[in-house]
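Visitor: Input: one structure, supplied below.
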Amino acid sequence: MHANIFTELSIIIAIGAVISIFMRLIRQPLIIGYILTGIIVGPSVFNIIKSSETIEVFSSIGIALLLFIIGLGLNPKVVKEVGKVSVIAASAQILFTTVLGFLVGNAFGFSKTESIIIGLALSFSSTIIVLKLLSDKKEQTRLNGKISIGILLIEDVVATLALVMVTARSEGSFSISSLTILGIKGLLLAGALFIIANKLLPQLNKIIASSQELLFLFAIGWGFGIAAIFEYFGFSIEVGALFAGVALAAFPYAQEISTRLRPLRDFFIVVFFISLGTRLAFDEFVSIWPYALVMSLIVIWFKPFIFMVVMGLLGYTKNTSFRVGSALSQISEFSLVL
């Protein structure tokens, strides 16, 4: 079985490398090559992947590493700088996109509940894709990158709450009290995390930084451990990994941790995008293309337009507003789960 997993992964990576070289030759983003690789090795074409659970685990590792590294670059000063615009822009976009998605869903004959879920799903942007694009363009520390990351964080929190409510409703256990409990859990987890980061970890600075291997092991243990704790208490791995990174952002060795983890992140995030491609099926495309076309227009045109209008009203330049809006013009992994 282990040999089969190794063989599958080797074949997948080899195909991915060939397709990525072709993408580079025709000057296209490598992400497209990774997703195309997933389509080729998935059930739609050659159906090479048999150990789908192992691939999913690798994908989760890639997501956690990506969000953890992004968190390492988000010190409190950055959060304060873009916090206001992130909250306002994200809230306005979620509200207007959800309303429009609801109206479109109703027009297509979906029920009210289905239409609300469609609207919410269209309003969330892909944390993984946006952060990968910002990283490739080296824009994560620019103003548009900081605002985009702030908006993604707000959307991820709202998406988490939406998933909790939908799950609870489907099980017949939804209540305001369950939502309140989740909020209290989040505050307690965040509080405990930053107390440990500010009181305990500074005492261990010299020990942790005394060895490169120990620093590497500590970083992985901290990032994955916090992500797992957040998931256990009802949040997502993404949110937990991001908070784990933010907690270490002000430490002197944060940049070194980020540099050492990047090669590991790049490998696992490639597997994530390949895994995403394997889920794409085209069997029912003929019957769903009208819905897909209209909803794609909402995501590609309406969402960026809302961001540009809101940021313009807040005094940001057209260039910054356009860069933020265009970066966030896709739907999230949360949307697929929802």
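By order of appearance in the structure tokens: chains A, B, ..., then residues from 1 within every chain, and ligands from 1 in the order shown.
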For Phe243 of chain A, work out the shell of residues within 7 Å, counting only C-alpha atoms and skipping chain neighbours fewer than 4 positions away, then give it as a PDB file with C-alpha atoms, in the first residue's frame.
Guide:
```
ATOM      1  CA  GLY A  71       0.202  34.908   9.794  1.00  0.00           C
ATOM      2  CA  VAL A 239      -8.249  30.124  10.996  1.00  0.00           C
ATOM      3  CA  ALA A 247       0.896  35.018  17.615  1.00  0.00           C
TER       4      ALA A 247
END
```
Visitor: Need the shell around segment 314-323 of chain A: protein/DNA/RNA residues with any atom at most 9 Å away, counting only C-alpha atoms. Skip same-chain ones fewer than 6 positions apart. Format as an NGL selection string?
Guide: :A and (85 or 143-145 or 148 or 304-305 or 307-308)
Visitor: Show which residues sit within 12 Å of Ala192 of chain A, as a list in words. Count only C-alpha atoms, and ignore same-chain residues fewer than 6 positions away.
Guide: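 Residues near the query, excluding close chain neighbours: Lys185, Gly186, Asn198, Lys199, Leu200, Ile226, Ile229, Phe230, Phe243, Ala244 and Ala247 of chain A.
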Visitor: Would you save the residues of that selection, restricted to N, CA and C atoms, as an mmCIF file, in the first residue's frame?
Guide:
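The resulting file, part24.cif, is shown below:
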```cif
data_model
loop_
_atom_site.group_PDB
_atom_site.id
_atom_site.type_symbol
_atom_site.label_atom_id
_atom_site.label_comp_id
_atom_site.auth_asym_id
_atom_site.auth_seq_id
_atom_site.Cartn_x
_atom_site.Cartn_y
_atom_site.Cartn_z
ATOM 1 N N LYS A 185 -15.935 30.620 22.721
ATOM 2 C CA LYS A 185 -14.800 29.720 22.506
ATOM 3 C C LYS A 185 -13.686 30.420 21.731
ATOM 4 N N GLY A 186 -14.086 31.150 20.676
ATOM 5 C CA GLY A 186 -13.100 31.847 19.865
ATOM 6 C C GLY A 186 -12.329 32.882 20.659
ATOM 7 N N ASN A 198 2.870 35.856 24.570
ATOM 8 C CA ASN A 198 3.478 37.065 25.138
ATOM 9 C C ASN A 198 4.145 36.841 26.493
ATOM 10 N N LYS A 199 3.733 35.803 27.214
ATOM 11 C CA LYS A 199 4.266 35.573 28.562
ATOM 12 C C LYS A 199 5.219 34.381 28.638
ATOM 13 N N LEU A 200 4.831 33.269 28.006
ATOM 14 C CA LEU A 200 5.619 32.048 28.148
ATOM 15 C C LEU A 200 6.734 31.939 27.100
ATOM 16 N N ILE A 226 -1.726 24.411 17.090
ATOM 17 C CA ILE A 226 -2.770 25.424 17.266
ATOM 18 C C ILE A 226 -3.895 25.216 16.260
ATOM 19 N N ILE A 229 -6.068 22.410 17.494
ATOM 20 C CA ILE A 229 -6.883 22.822 18.639
ATOM 21 C C ILE A 229 -8.089 23.644 18.175
ATOM 22 N N PHE A 230 -7.854 24.578 17.259
ATOM 23 C CA PHE A 230 -8.962 25.389 16.724
ATOM 24 C C PHE A 230 -9.986 24.502 16.022
ATOM 25 N N PHE A 243 -3.972 32.254 13.055
ATOM 26 C CA PHE A 243 -3.793 32.803 14.406
ATOM 27 C C PHE A 243 -2.470 32.349 15.006
ATOM 28 N N ALA A 244 -2.064 31.107 14.733
ATOM 29 C CA ALA A 244 -0.777 30.612 15.234
ATOM 30 C C ALA A 244 0.373 31.449 14.687
ATOM 31 N N ALA A 247 0.397 35.034 16.239
ATOM 32 C CA ALA A 247 0.896 35.018 17.615
ATOM 33 C C ALA A 247 2.422 35.105 17.674
#
```
Visitor: Counting only C-alpha atoms, which of A:Ile19, A:Ile49, A:Val310, A:Ala159 gets nearest to Leu336 of chain A?
Guide: A:Ala159
Visitor: As a PyMOL selection string, list the residues of segment 87-216 of chain A assigned to alpha helix (DSSP H) by DSSP on the backbone atoms of this structure.
Guide: chain A and resi 87-107+112-123+127-137+143-170+176-195+205-208+212-216
Visitor: So, with only C-alpha atoms as the atoms that count, which of A:Ala89, A:Val246, A:Lys206, A:Asn106 lies closest to Trp222 of chain A?
Guide: A:Val246
Visitor: Using only C-alpha atoms for the distances, tell me which of A:Ile288, A:Phe233, A:Ile220, A:Phe108 is nearest to Leu188 of chain A.
Guide: A:Phe233
Visitor: Give me, as JSON lines, each residue of segment 215-313 of chain A that comes within 9 Å of segment 25-45 of chain A, together with its shortest interatomic pair and the distance in Å at one decimal, counting only C-alpha atoms, with rows ordered by chain and rising residue number.
Guide:
```
{"residue": "A:Val270", "atom": "CA", "partner": "A:Tyr34", "partner_atom": "CA", "distance": 6.5}
{"residue": "A:Val271", "atom": "CA", "partner": "A:Tyr34", "partner_atom": "CA", "distance": 8.0}
{"residue": "A:Phe272", "atom": "CA", "partner": "A:Tyr34", "partner_atom": "CA", "distance": 8.7}
{"residue": "A:Phe273", "atom": "CA", "partner": "A:Ile35", "partner_atom": "CA", "distance": 5.4}
{"residue": "A:Ile274", "atom": "CA", "partner": "A:Gly38", "partner_atom": "CA", "distance": 4.1}
{"residue": "A:Ser275", "atom": "CA", "partner": "A:Gly38", "partner_atom": "CA", "distance": 5.8}
{"residue": "A:Leu276", "atom": "CA", "partner": "A:Ile35", "partner_atom": "CA", "distance": 6.4}
{"residue": "A:Gly277", "atom": "CA", "partner": "A:Gly38", "partner_atom": "CA", "distance": 3.9}
{"residue": "A:Thr278", "atom": "CA", "partner": "A:Gly42", "partner_atom": "CA", "distance": 4.3}
{"residue": "A:Arg279", "atom": "CA", "partner": "A:Gly42", "partner_atom": "CA", "distance": 7.3}
{"residue": "A:Leu280", "atom": "CA", "partner": "A:Ile39", "partner_atom": "CA", "distance": 6.5}
{"residue": "A:Ala281", "atom": "CA", "partner": "A:Ser44", "partner_atom": "CA", "distance": 6.0}
{"residue": "A:Phe282", "atom": "CA", "partner": "A:Ser44", "partner_atom": "CA", "distance": 7.5}
{"residue": "A:Asp283", "atom": "CA", "partner": "A:Ser44", "partner_atom": "CA", "distance": 8.6}
```
Visitor: Okay, now the selection with all heavy atoms, as a compact mmCIF listing (two decimals), in the first residue's frame?
Guide:
```txt
# COMPACT_ATOMS: atom_id res chain seq x y z
N VAL A 270 1.22 22.58 -3.77
CA VAL A 270 1.06 22.03 -5.12
C VAL A 270 0.11 20.84 -5.08
O VAL A 270 -0.79 20.70 -5.92
CB VAL A 270 2.43 21.61 -5.70
CG1 VAL A 270 2.25 20.74 -6.94
CG2 VAL A 270 3.25 22.84 -6.06
N VAL A 271 0.29 19.98 -4.08
CA VAL A 271 -0.59 18.82 -3.92
C VAL A 271 -2.03 19.27 -3.68
O VAL A 271 -2.98 18.67 -4.20
CB VAL A 271 -0.11 17.92 -2.76
CG1 VAL A 271 -1.08 16.74 -2.56
CG2 VAL A 271 1.29 17.39 -3.03
N PHE A 272 -2.21 20.37 -2.93
CA PHE A 272 -3.56 20.89 -2.68
C PHE A 272 -4.25 21.27 -3.98
O PHE A 272 -5.40 20.90 -4.23
CB PHE A 272 -3.52 22.09 -1.75
CG PHE A 272 -4.82 22.86 -1.72
CD1 PHE A 272 -5.88 22.40 -0.96
CD2 PHE A 272 -4.98 24.02 -2.47
CE1 PHE A 272 -7.09 23.09 -0.95
CE2 PHE A 272 -6.17 24.71 -2.47
CZ PHE A 272 -7.23 24.25 -1.69
N PHE A 273 -3.57 22.02 -4.84
CA PHE A 273 -4.19 22.47 -6.09
C PHE A 273 -4.44 21.31 -7.04
O PHE A 273 -5.43 21.29 -7.77
CB PHE A 273 -3.33 23.55 -6.75
CG PHE A 273 -3.44 24.88 -6.09
CD1 PHE A 273 -2.36 25.42 -5.42
CD2 PHE A 273 -4.63 25.59 -6.11
CE1 PHE A 273 -2.46 26.66 -4.79
CE2 PHE A 273 -4.74 26.82 -5.48
CZ PHE A 273 -3.66 27.36 -4.82
N ILE A 274 -3.54 20.32 -7.03
CA ILE A 274 -3.77 19.12 -7.84
C ILE A 274 -5.01 18.39 -7.33
O ILE A 274 -5.87 17.94 -8.10
CB ILE A 274 -2.54 18.20 -7.82
CG1 ILE A 274 -1.38 18.87 -8.56
CG2 ILE A 274 -2.86 16.84 -8.44
CD1 ILE A 274 -0.07 18.11 -8.48
N SER A 275 -5.12 18.28 -5.99
CA SER A 275 -6.29 17.65 -5.39
C SER A 275 -7.57 18.38 -5.75
O SER A 275 -8.61 17.78 -6.02
CB SER A 275 -6.12 17.60 -3.86
OG SER A 275 -7.29 17.14 -3.23
N LEU A 276 -7.49 19.73 -5.78
CA LEU A 276 -8.65 20.54 -6.17
C LEU A 276 -9.07 20.21 -7.61
O LEU A 276 -10.27 20.10 -7.90
CB LEU A 276 -8.30 22.03 -6.05
CG LEU A 276 -9.42 23.03 -6.29
CD1 LEU A 276 -10.51 22.89 -5.23
CD2 LEU A 276 -8.87 24.44 -6.28
N GLY A 277 -8.10 20.03 -8.49
CA GLY A 277 -8.40 19.70 -9.87
C GLY A 277 -9.07 18.35 -10.03
O GLY A 277 -9.91 18.16 -10.92
N THR A 278 -8.73 17.39 -9.15
CA THR A 278 -9.33 16.05 -9.27
C THR A 278 -10.82 16.07 -8.98
O THR A 278 -11.55 15.15 -9.37
CB THR A 278 -8.66 15.06 -8.30
OG1 THR A 278 -8.88 15.48 -6.94
CG2 THR A 278 -7.16 14.96 -8.56
N ARG A 279 -11.31 17.11 -8.28
CA ARG A 279 -12.73 17.16 -7.93
C ARG A 279 -13.59 17.75 -9.04
O ARG A 279 -14.82 17.74 -8.95
CB ARG A 279 -12.91 18.01 -6.67
CG ARG A 279 -12.13 17.52 -5.47
CD ARG A 279 -12.27 18.47 -4.31
NE ARG A 279 -11.24 18.27 -3.31
CZ ARG A 279 -11.01 19.08 -2.30
NH1 ARG A 279 -11.75 20.16 -2.16
NH2 ARG A 279 -10.05 18.84 -1.43
N LEU A 280 -12.94 18.29 -10.07
CA LEU A 280 -13.70 18.92 -11.15
C LEU A 280 -14.24 17.85 -12.10
O LEU A 280 -13.49 17.08 -12.66
CB LEU A 280 -12.82 19.90 -11.92
CG LEU A 280 -12.27 21.08 -11.11
CD1 LEU A 280 -11.37 21.95 -11.98
CD2 LEU A 280 -13.39 21.92 -10.53
N ALA A 281 -15.56 17.81 -12.24
CA ALA A 281 -16.21 16.86 -13.14
C ALA A 281 -17.07 17.64 -14.13
O ALA A 281 -17.62 18.69 -13.81
CB ALA A 281 -17.07 15.88 -12.35
N PHE A 282 -17.20 17.11 -15.33
CA PHE A 282 -17.91 17.83 -16.39
C PHE A 282 -19.12 17.04 -16.91
O PHE A 282 -19.68 17.37 -17.95
CB PHE A 282 -16.94 18.11 -17.55
CG PHE A 282 -15.71 18.85 -17.10
CD1 PHE A 282 -14.53 18.17 -16.84
CD2 PHE A 282 -15.73 20.22 -16.93
CE1 PHE A 282 -13.38 18.85 -16.43
CE2 PHE A 282 -14.59 20.90 -16.51
CZ PHE A 282 -13.43 20.22 -16.26
N ASP A 283 -19.52 16.01 -16.16
CA ASP A 283 -20.62 15.16 -16.62
C ASP A 283 -21.93 15.92 -16.76
O ASP A 283 -22.73 15.66 -17.66
CB ASP A 283 -20.82 13.98 -15.65
CG ASP A 283 -19.59 13.09 -15.57
OD1 ASP A 283 -18.76 13.17 -16.51
OD2 ASP A 283 -19.44 12.35 -14.59
```
Visitor: Using only C-alpha atoms, which of A:Ile154, A:Ile11, A:Ala241, A:Ala162 sits nearest Leu67 of chain A?
Guide: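 Distance minimum relative to Leu67 of chain A lands on A:Ala241.
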Visitor: Taking only C-alpha atoms into account, name the residue in A:Leu182, A:Ile13, A:Leu215, A:Ile94 that is nearest to Leu261 of chain A.
Guide: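 Checking each of A:Leu182, A:Ile13, A:Leu215, A:Ile94 against Leu261 of chain A, counting only C-alpha atoms, the winner is A:Leu215.
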Visitor: Please identify all polymer residues within 7 Å of segment 119-135 of chain A, counting only C-alpha atoms, omitting same-chain residues fewer than 3 positions from it, and present them as a list of chain:residue names.
Guide: A:Ile63, A:Gln93, A:Ile94, A:Thr97, A:Thr98, A:Val99, A:Leu100, A:Gly101, A:Phe102, A:Ser115, A:Ile116, A:Lys138, A:Glu139, A:Gln140, A:Gly145, A:Leu152, A:Glu155, A:Val299, A:Ala327, A:Leu328, A:Ser329, A:Gln330, A:Ile331, A:Ser332, A:Glu333, A:Ser335, A:Leu338
